[in-house]
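Student: Okay, so here is entry.pdb, and as you'll see once you scroll down, it has PDB, C-alpha atoms.
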```pdb
ATOM      1  CA  MET A   1     146.316  92.886  66.744
ATOM      2  CA  LYS A   2     149.323  91.164  68.323
ATOM      3  CA  ASN A   3     152.550  90.214  66.578
ATOM      4  CA  ILE A   4     154.169  86.841  67.223
ATOM      5  CA  THR A   5     157.868  86.208  66.719
ATOM      6  CA  ASP A   6     159.111  82.652  66.439
ATOM      7  CA  SER A   7     162.227  80.842  65.249
ATOM      8  CA  LEU A   8     161.924  78.292  62.480
ATOM      9  CA  ASP A   9     164.350  75.987  60.781
ATOM     10  CA  ASP A  10     165.472  77.427  57.422
ATOM     11  CA  GLU A  11     164.077  74.453  55.485
ATOM     12  CA  ILE A  12     160.682  74.687  57.190
ATOM     13  CA  CYS A  13     160.566  78.411  56.487
ATOM     14  CA  ARG A  14     161.436  77.812  52.804
ATOM     15  CA  ARG A  15     158.742  75.146  52.414
ATOM     16  CA  ALA A  16     156.206  77.362  54.188
ATOM     17  CA  ARG A  17     156.936  80.223  51.768
ATOM     18  CA  ILE A  18     156.515  77.863  48.807
ATOM     19  CA  LYS A  19     153.214  76.526  50.188
ATOM     20  CA  ALA A  20     151.983  80.059  50.829
ATOM     21  CA  ALA A  21     152.911  81.132  47.288
ATOM     22  CA  GLU A  22     151.044  78.118  45.858
ATOM     23  CA  GLN A  23     147.954  79.348  47.696
ATOM     24  CA  ASN A  24     148.478  83.004  46.722
ATOM     25  CA  SER A  25     148.955  83.776  50.399
ATOM     26  CA  SER A  26     151.667  84.629  52.907
ATOM     27  CA  VAL A  27     153.249  82.592  55.666
ATOM     28  CA  SER A  28     151.705  84.980  58.188
ATOM     29  CA  ALA A  29     148.235  84.420  56.716
ATOM     30  CA  LEU A  30     148.711  80.633  56.813
ATOM     31  CA  VAL A  31     149.826  80.792  60.461
ATOM     32  CA  ARG A  32     146.866  83.046  61.300
ATOM     33  CA  GLN A  33     144.452  80.644  59.567
ATOM     34  CA  PHE A  34     145.965  77.679  61.413
ATOM     35  CA  LEU A  35     145.694  79.409  64.798
ATOM     36  CA  VAL A  36     142.089  80.434  64.171
ATOM     37  CA  GLN A  37     141.169  76.860  63.265
ATOM     38  CA  LEU A  38     143.101  75.492  66.223
ATOM     39  CA  THR A  39     141.414  77.769  68.733
ATOM     40  CA  THR A  40     137.886  77.428  67.364
ATOM     41  CA  LYS A  41     137.869  73.643  67.067
ATOM     42  CA  GLU A  42     135.441  71.793  69.251
ATOM     43  CA  SER A  43     137.289  69.688  71.831
ATOM     44  CA  GLU A  44     136.663  65.956  71.856
ATOM     45  CA  ALA A  45     134.792  66.246  75.164
ATOM     46  CA  GLU A  46     132.610  69.070  73.792
ATOM     47  CA  ARG A  47     131.926  67.061  70.628
ATOM     48  CA  ARG A  48     130.970  63.972  72.639
ATOM     49  CA  LYS A  49     128.668  66.030  74.879
ATOM     50  CA  ARG A  50     126.990  67.679  71.841
ATOM     51  CA  LEU A  51     126.487  64.329  70.100
ATOM     52  CA  GLN A  52     125.003  62.803  73.258
ATOM     53  CA  ALA A  53     122.545  65.695  73.570
ATOM     54  CA  GLU A  54     121.561  65.373  69.891
ATOM     55  CA  THR A  55     121.099  61.605  70.283
ATOM     56  CA  LEU A  56     118.913  62.020  73.364
ATOM     57  CA  ALA A  57     116.797  64.635  71.563
ATOM     58  CA  ALA A  58     116.302  62.259  68.626
ATOM     59  CA  ILE A  59     115.327  59.399  70.947
ATOM     60  CA  ARG A  60     112.804  61.608  72.771
ATOM     61  CA  ALA A  61     111.302  62.759  69.483
ATOM     62  CA  GLN A  62     110.984  59.164  68.329
ATOM     63  CA  GLN A  63     109.336  58.099  71.584
ATOM     64  CA  SER A  64     106.695  60.811  71.287
ATOM     65  CA  PHE A  65     105.795  59.763  67.723
ATOM     66  CA  GLN A  66     102.439  57.997  67.398
ATOM     67  CA  ALA A  67     101.410  56.499  64.092
ATOM     68  CA  ALA A  68      97.826  56.168  65.380
ATOM     69  CA  GLY A  69      97.414  59.923  65.190
ATOM     70  CA  ARG A  70      98.004  59.974  61.443
ATOM     71  CA  ILE A  71      95.169  60.223  58.951
ATOM     72  CA  SER A  72      94.175  57.141  57.023
ATOM     73  CA  ARG A  73      95.052  56.522  53.393
ATOM     74  CA  ASP A  74      91.427  56.926  52.394
ATOM     75  CA  GLU A  75      91.207  60.294  54.155
ATOM     76  CA  LEU A  76      94.380  61.413  52.454
ATOM     77  CA  HIS A  77      93.313  60.228  48.992
ATOM     78  CA  PRO A  78      89.521  60.450  48.657
ATOM     79  CA  ARG A  79      88.453  58.445  45.645
ATOM     80  CA  GLY A  80      84.688  58.841  45.570
ATOM     81  CA  ASP A  81      82.637  56.912  43.034
ATOM     82  CA  ARG A  82      84.676  57.819  39.986
ATOM     83  CA  PHE A  83      84.372  54.377  38.400
ATOM     84  CA  ALA A  84      80.844  53.445  39.454
TER
END
```
Would you mind giving the structure from this file in C-alpha coordinates?
Tutor:
Amino acid sequence: MKNITDSLDDEICRRARIKAAEQNSSVSALVRQFLVQLTTKESEAERRKRLQAETLAAIRAQQSFQAAGRISRDELHPRGDRFA
(Lines of atoms letter the chains of each structure in order from A and count residues from 1; the text may use other names and numbers.)
(Lines give C-alpha, C1' and ligand atoms only; values in the text may rest on other atoms or scores of the structure.)
Protein backbone atom coordinates (compact mmCIF):
# COMPACT_ATOMS: atom_id res chain seq x y z
CA MET A 1 0.00 0.00 0.00
CA LYS A 2 1.32 3.45 -0.93
CA ASN A 3 1.24 6.55 1.25
CA ILE A 4 0.28 9.92 -0.22
CA THR A 5 1.38 13.21 1.29
CA ASP A 6 -0.44 16.38 0.33
CA SER A 7 -0.78 19.93 1.63
CA LEU A 8 -4.21 21.23 2.54
CA ASP A 9 -5.51 24.53 3.75
CA ASP A 10 -6.06 24.48 7.53
CA GLU A 11 -9.79 25.19 7.17
CA ILE A 12 -10.27 22.40 4.63
CA CYS A 13 -8.39 20.00 6.88
CA ARG A 14 -10.55 21.01 9.88
CA ARG A 15 -13.79 20.53 7.93
CA ALA A 16 -12.56 17.19 6.58
CA ARG A 17 -11.84 15.96 10.12
CA ILE A 18 -15.32 17.05 11.23
CA LYS A 19 -16.95 15.30 8.26
CA ALA A 20 -14.92 12.16 8.92
CA ALA A 21 -15.91 12.17 12.60
CA GLU A 22 -19.59 12.55 11.64
CA GLN A 23 -19.21 9.38 9.57
CA ASN A 24 -17.22 7.52 12.25
CA SER A 25 -14.30 7.47 9.84
CA SER A 26 -10.93 9.12 9.26
CA VAL A 27 -9.80 11.65 6.71
CA SER A 28 -7.52 9.00 5.21
CA ALA A 29 -10.45 6.60 4.82
CA LEU A 30 -12.56 9.31 3.16
CA VAL A 31 -9.73 10.14 0.73
CA ARG A 32 -9.24 6.43 -0.01
CA GLN A 33 -12.98 5.99 -0.65
CA PHE A 34 -13.02 9.04 -2.94
CA LEU A 35 -10.02 7.80 -4.94
CA VAL A 36 -11.51 4.33 -5.33
CA GLN A 37 -14.77 5.80 -6.62
CA LEU A 38 -12.92 8.20 -8.89
CA THR A 39 -10.79 5.50 -10.48
CA THR A 40 -13.55 2.92 -10.88
CA LYS A 41 -16.14 5.24 -12.41
CA GLU A 42 -17.19 4.50 -15.93
CA SER A 43 -16.07 7.29 -18.28
CA GLU A 44 -18.73 9.10 -20.27
CA ALA A 45 -17.48 7.50 -23.49
CA GLU A 46 -17.57 4.02 -21.90
CA ARG A 47 -21.08 4.68 -20.57
CA ARG A 48 -22.30 5.86 -23.97
CA LYS A 49 -20.77 2.81 -25.68
CA ARG A 50 -22.36 0.43 -23.12
CA LEU A 51 -25.78 2.08 -23.47
CA GLN A 52 -25.58 1.90 -27.27
CA ALA A 53 -24.75 -1.82 -27.11
CA GLU A 54 -27.64 -2.45 -24.69
CA THR A 55 -30.03 -0.48 -26.93
CA LEU A 56 -28.98 -2.41 -30.03
CA ALA A 57 -29.43 -5.71 -28.17
CA ALA A 58 -32.94 -4.68 -27.12
CA ILE A 59 -33.84 -3.65 -30.67
CA ARG A 60 -32.58 -6.97 -32.06
CA ALA A 61 -34.55 -8.91 -29.46
CA GLN A 62 -37.68 -6.95 -30.33
CA GLN A 63 -37.21 -7.55 -34.06
CA SER A 64 -36.95 -11.30 -33.56
CA PHE A 65 -40.19 -11.41 -31.53
CA GLN A 66 -43.14 -12.97 -33.37
CA ALA A 67 -46.58 -12.90 -31.81
CA ALA A 68 -47.76 -15.50 -34.35
CA GLY A 69 -45.69 -18.14 -32.61
CA ARG A 70 -47.62 -17.76 -29.36
CA ILE A 71 -50.34 -20.18 -28.33
CA SER A 72 -53.94 -19.08 -28.59
CA ARG A 73 -56.08 -18.06 -25.65
CA ASP A 74 -58.19 -21.18 -26.03
CA GLU A 75 -55.10 -23.40 -25.96
CA LEU A 76 -53.86 -21.62 -22.87
CA HIS A 77 -57.21 -21.78 -21.06
CA PRO A 78 -59.12 -24.90 -22.12
CA ARG A 79 -62.72 -24.55 -21.05
CA GLY A 80 -64.35 -27.75 -22.23
CA ASP A 81 -68.09 -28.21 -21.88
CA ARG A 82 -68.35 -27.21 -18.24
CA PHE A 83 -71.64 -25.35 -18.69
CA ALA A 84 -73.31 -27.53 -21.30
Student: Could you please determine the separation between CA of Thr39 (chain A) and CA of Leu56 (chain A) in Å, to one decimal place?
Tutor: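 CA of Leu56 (chain A) lies 27.9 Å from CA of Thr39 (chain A).
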Student: Enter the distance from CA of Lys2 (chain A) to CA of Leu38 (chain A), in Å, rounded to one decimal.
Tutor: 17.0 Å
Student: What's the separation between CA of Asn24 (chain A) and CA of Glu11 (chain A), in Å to one decimal place?
Tutor: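 CA of Glu11 (chain A) lies at a distance of 19.8 Å from CA of Asn24 (chain A).
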Student: Residues at most 12 Å from Asn3 (chain A), counting only C-alpha atoms, excluding those fewer than 5 positions away in the same chain, as number ranges by chain?
Tutor: A: 28, 31-32
Student: With C-alpha atoms retained, export the selected residues as a JSON list (two decimals), keeping the file's coordinate frame.
Tutor:
```json
[["chain", "number", "residue", "atom", "x", "y", "z"],
["A", 28, "SER", "CA", 151.71, 84.98, 58.19],
["A", 31, "VAL", "CA", 149.83, 80.79, 60.46],
["A", 32, "ARG", "CA", 146.87, 83.05, 61.30]]
```
